[in-house]
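What follows is a single structure, written as structure tokens, with notes after it.
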Amino acid sequence: AQRVTQPEKLLSVFKGAPVELKCNYSYSGSPELFWYVQYSRQRLQLLLRHISRESIKGFTADLNKGETSFHLKKPFAQEEDSAMYYCALKAGGTSYGKLTFGQGTILTVHP
Amino acid sequence: DAGITQSPRHKVTETGTPVTLRCHQTENHRYMYWYRQDPGHGLRLIHYSYGVKDTDKGEVSDGYSVSRSKTEDFLLTLESATSSQTSVYFCAISESISRTGELFFGEGSRLTVL
């Protein structure tokens with residue numbers, strides 16, 4: 001069975017500071033990892049996926065298979081980044097697209 | 001936003017009563033999911049569907065049942081609600097499992113069981 005752990009329930013930073021949201025996973029196969037974000041009064045939405053190796057809204061995340069981590073980083077946080085962030089894992093094989101989510105991290109960026 | 005609507009959006013009920021939450025999509029997506037969101041637990045999968053009349057259990061399926069009689073509707077039923085089922089319930093859809101990991105979520109249904 002797979003598991004996703006986000007060790008920080010709350011994270012506060014000041015505008016312009018770097019931010020890193022931690023995500024660790026356990027899975028015996030080759031996983032696909034994602035970050036989802038839920039802004040205030042908006043729907044949960046996909047932020048980025050590791051296979052795309054993309055930068056969205058200045059955020060990046062690198063899959064580290066050795067450390068089984070997929071931390072989300074941004075060099076200069078903005079107030080509009082304040083939101084709930086979820087790390088999620090999709091198992092390989094016939095998983096029917098099911099995602100296993102972490103506990104979530106609430107990021108607050110202060111002015 | 002993807003065409004997903006959940007109803008009701010808010011419901012307060014009493015222990016022991018049946019409750020049905022509805023998820024309706026206009027995207028003609030094959031895969032549909034019900035998750036519950038709880039502090040400290042994140043989102044946990046309750047049930048999912050991979051086609052009409054094809055459903056299966058997720059990690060927290062006890063006390064819940066689902067039905068999907070047509071592509072656009074996925075119903076979640078609590079046969080006899082308990083206080084532990086107080087939660088926010090999210091429906092999600094996915095076009096294809098090859099479009100990896102991209103789920104589109106509804107706005108959520110907040111259920112309070114007294």
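Residues in the structure tokens are named by chain (A, B, ... in the order shown) and by number from 1 within that chain; ligands are numbered from 1 in the order shown.
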Neighbours of chain A in chain B at 10 Å, counting only C-alpha atoms, as a ChimeraX atom specification | /B:1,30-33,35,37-45,47-50,58-59,90,92-108
Now that the selection is made, can you save its residues with C-alpha atoms as a PDB file, in the first residue's frame?
ATOM      1  CA  ASP B   1     -13.978  24.906 -14.104  1.00  0.00           C
ATOM      2  CA  ARG B  30     -15.301   7.867 -17.501  1.00  0.00           C
ATOM      3  CA  TYR B  31     -13.761   7.921 -14.030  1.00  0.00           C
ATOM      4  CA  MET B  32     -15.445   9.373 -10.960  1.00  0.00           C
ATOM      5  CA  TYR B  33     -14.360   9.423  -7.330  1.00  0.00           C
ATOM      6  CA  TYR B  35     -13.227  11.624  -1.339  1.00  0.00           C
ATOM      7  CA  GLN B  37     -11.614  15.721   3.608  1.00  0.00           C
ATOM      8  CA  ASP B  38     -10.830  15.786   7.299  1.00  0.00           C
ATOM      9  CA  PRO B  39      -8.269  17.821   9.274  1.00  0.00           C
ATOM     10  CA  GLY B  40      -5.164  15.786   9.895  1.00  0.00           C
ATOM     11  CA  HIS B  41      -6.154  13.189   7.320  1.00  0.00           C
ATOM     12  CA  GLY B  42      -6.204  15.145   4.094  1.00  0.00           C
ATOM     13  CA  LEU B  43      -8.345  13.600   1.393  1.00  0.00           C
ATOM     14  CA  ARG B  44      -9.204   9.927   1.601  1.00  0.00           C
ATOM     15  CA  LEU B  45     -10.826   7.905  -1.150  1.00  0.00           C
ATOM     16  CA  HIS B  47     -15.355   4.817  -3.542  1.00  0.00           C
ATOM     17  CA  TYR B  48     -14.631   5.220  -7.202  1.00  0.00           C
ATOM     18  CA  SER B  49     -16.167   4.294 -10.524  1.00  0.00           C
ATOM     19  CA  TYR B  50     -14.503   3.295 -13.770  1.00  0.00           C
ATOM     20  CA  GLY B  58     -11.482   3.006  -1.618  1.00  0.00           C
ATOM     21  CA  GLU B  59      -9.590   3.105   1.657  1.00  0.00           C
ATOM     22  CA  PHE B  90     -15.535  15.946  -2.686  1.00  0.00           C
ATOM     23  CA  ALA B  92     -13.758  14.258  -8.673  1.00  0.00           C
ATOM     24  CA  ILE B  93     -13.656  13.159 -12.290  1.00  0.00           C
ATOM     25  CA  SER B  94     -10.923  12.063 -14.643  1.00  0.00           C
ATOM     26  CA  GLU B  95     -10.998  11.803 -18.396  1.00  0.00           C
ATOM     27  CA  SER B  96      -8.526   8.993 -18.778  1.00  0.00           C
ATOM     28  CA  ILE B  97      -6.037   7.166 -16.632  1.00  0.00           C
ATOM     29  CA  SER B  98      -3.462   7.879 -19.294  1.00  0.00           C
ATOM     30  CA  ARG B  99      -3.914  11.565 -18.562  1.00  0.00           C
ATOM     31  CA  THR B 100      -2.081  10.882 -15.394  1.00  0.00           C
ATOM     32  CA  GLY B 101      -3.243  12.247 -12.121  1.00  0.00           C
ATOM     33  CA  GLU B 102      -5.361  15.107 -13.360  1.00  0.00           C
ATOM     34  CA  LEU B 103      -8.524  15.020 -11.357  1.00  0.00           C
ATOM     35  CA  PHE B 104     -11.138  17.759 -11.588  1.00  0.00           C
ATOM     36  CA  PHE B 105     -12.932  18.414  -8.349  1.00  0.00           C
ATOM     37  CA  GLY B 106     -16.367  19.603  -7.394  1.00  0.00           C
ATOM     38  CA  GLU B 107     -16.933  22.356  -4.852  1.00  0.00           C
ATOM     39  CA  GLY B 108     -17.552  19.965  -2.008  1.00  0.00           C
TER      40      GLY B 108
END
Can you list, as a list of chain:residue names, every protein, DNA or RNA residue that comes within 10 Å of Val52 (chain B) when you count only C-alpha atoms, leaving out same-chain residues fewer than 6 positions away?
-> B:Arg30, B:Tyr31, B:Ser67, B:Arg68, B:Ser69, B:Lys70, B:Thr71, B:Glu72, B:Asp73, B:Phe74
Which residues, written as number ranges by chain, have at least one atom at most 6 Å from Thr68 (chain A), with only C-alpha atoms counted and residues fewer than 3 positions away on the same chain left out?
-> A: 24-25, 64-65
Using all heavy atoms, can you export the residues from the last selection as a PDB file, in the first residue's frame?
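Dumped everything to part.pdb:
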ATOM      1  N   ASN A  24       6.847  13.396   1.603  1.00  0.00           N
ATOM      2  CA  ASN A  24       7.534  12.113   1.519  1.00  0.00           C
ATOM      3  C   ASN A  24       6.522  11.026   1.214  1.00  0.00           C
ATOM      4  O   ASN A  24       5.360  11.127   1.605  1.00  0.00           O
ATOM      5  CB  ASN A  24       8.261  11.807   2.835  1.00  0.00           C
ATOM      6  CG  ASN A  24       9.427  12.732   3.074  1.00  0.00           C
ATOM      7  OD1 ASN A  24       9.294  13.781   3.704  1.00  0.00           O
ATOM      8  ND2 ASN A  24      10.567  12.373   2.530  1.00  0.00           N
ATOM      9  N   TYR A  25       6.977  10.017   0.528  1.00  0.00           N
ATOM     10  CA  TYR A  25       6.054   8.958   0.152  1.00  0.00           C
ATOM     11  C   TYR A  25       6.673   7.590   0.397  1.00  0.00           C
ATOM     12  O   TYR A  25       7.888   7.457   0.533  1.00  0.00           O
ATOM     13  CB  TYR A  25       5.656   9.093  -1.321  1.00  0.00           C
ATOM     14  CG  TYR A  25       6.785   8.828  -2.289  1.00  0.00           C
ATOM     15  CD1 TYR A  25       7.030   7.548  -2.782  1.00  0.00           C
ATOM     16  CD2 TYR A  25       7.620   9.863  -2.710  1.00  0.00           C
ATOM     17  CE1 TYR A  25       8.066   7.308  -3.655  1.00  0.00           C
ATOM     18  CE2 TYR A  25       8.664   9.627  -3.586  1.00  0.00           C
ATOM     19  CZ  TYR A  25       8.884   8.347  -4.065  1.00  0.00           C
ATOM     20  OH  TYR A  25       9.931   8.105  -4.912  1.00  0.00           O
ATOM     21  N   ASN A  64      12.692  12.862  -5.830  1.00  0.00           N
ATOM     22  CA  ASN A  64      13.939  12.270  -5.363  1.00  0.00           C
ATOM     23  C   ASN A  64      13.631  10.849  -4.916  1.00  0.00           C
ATOM     24  O   ASN A  64      13.134  10.627  -3.810  1.00  0.00           O
ATOM     25  CB  ASN A  64      14.516  13.099  -4.206  1.00  0.00           C
ATOM     26  CG  ASN A  64      15.880  12.617  -3.772  1.00  0.00           C
ATOM     27  OD1 ASN A  64      16.149  11.407  -3.761  1.00  0.00           O
ATOM     28  ND2 ASN A  64      16.746  13.549  -3.410  1.00  0.00           N
ATOM     29  N   LYS A  65      13.905   9.899  -5.786  1.00  0.00           N
ATOM     30  CA  LYS A  65      13.544   8.512  -5.480  1.00  0.00           C
ATOM     31  C   LYS A  65      14.397   7.949  -4.346  1.00  0.00           C
ATOM     32  O   LYS A  65      13.948   7.091  -3.594  1.00  0.00           O
ATOM     33  CB  LYS A  65      13.660   7.656  -6.733  1.00  0.00           C
ATOM     34  CG  LYS A  65      12.615   8.010  -7.789  1.00  0.00           C
ATOM     35  CD  LYS A  65      12.650   7.034  -8.951  1.00  0.00           C
ATOM     36  CE  LYS A  65      11.550   7.356  -9.952  1.00  0.00           C
ATOM     37  NZ  LYS A  65      11.539   6.413 -11.088  1.00  0.00           N
TER      38      LYS A  65
END
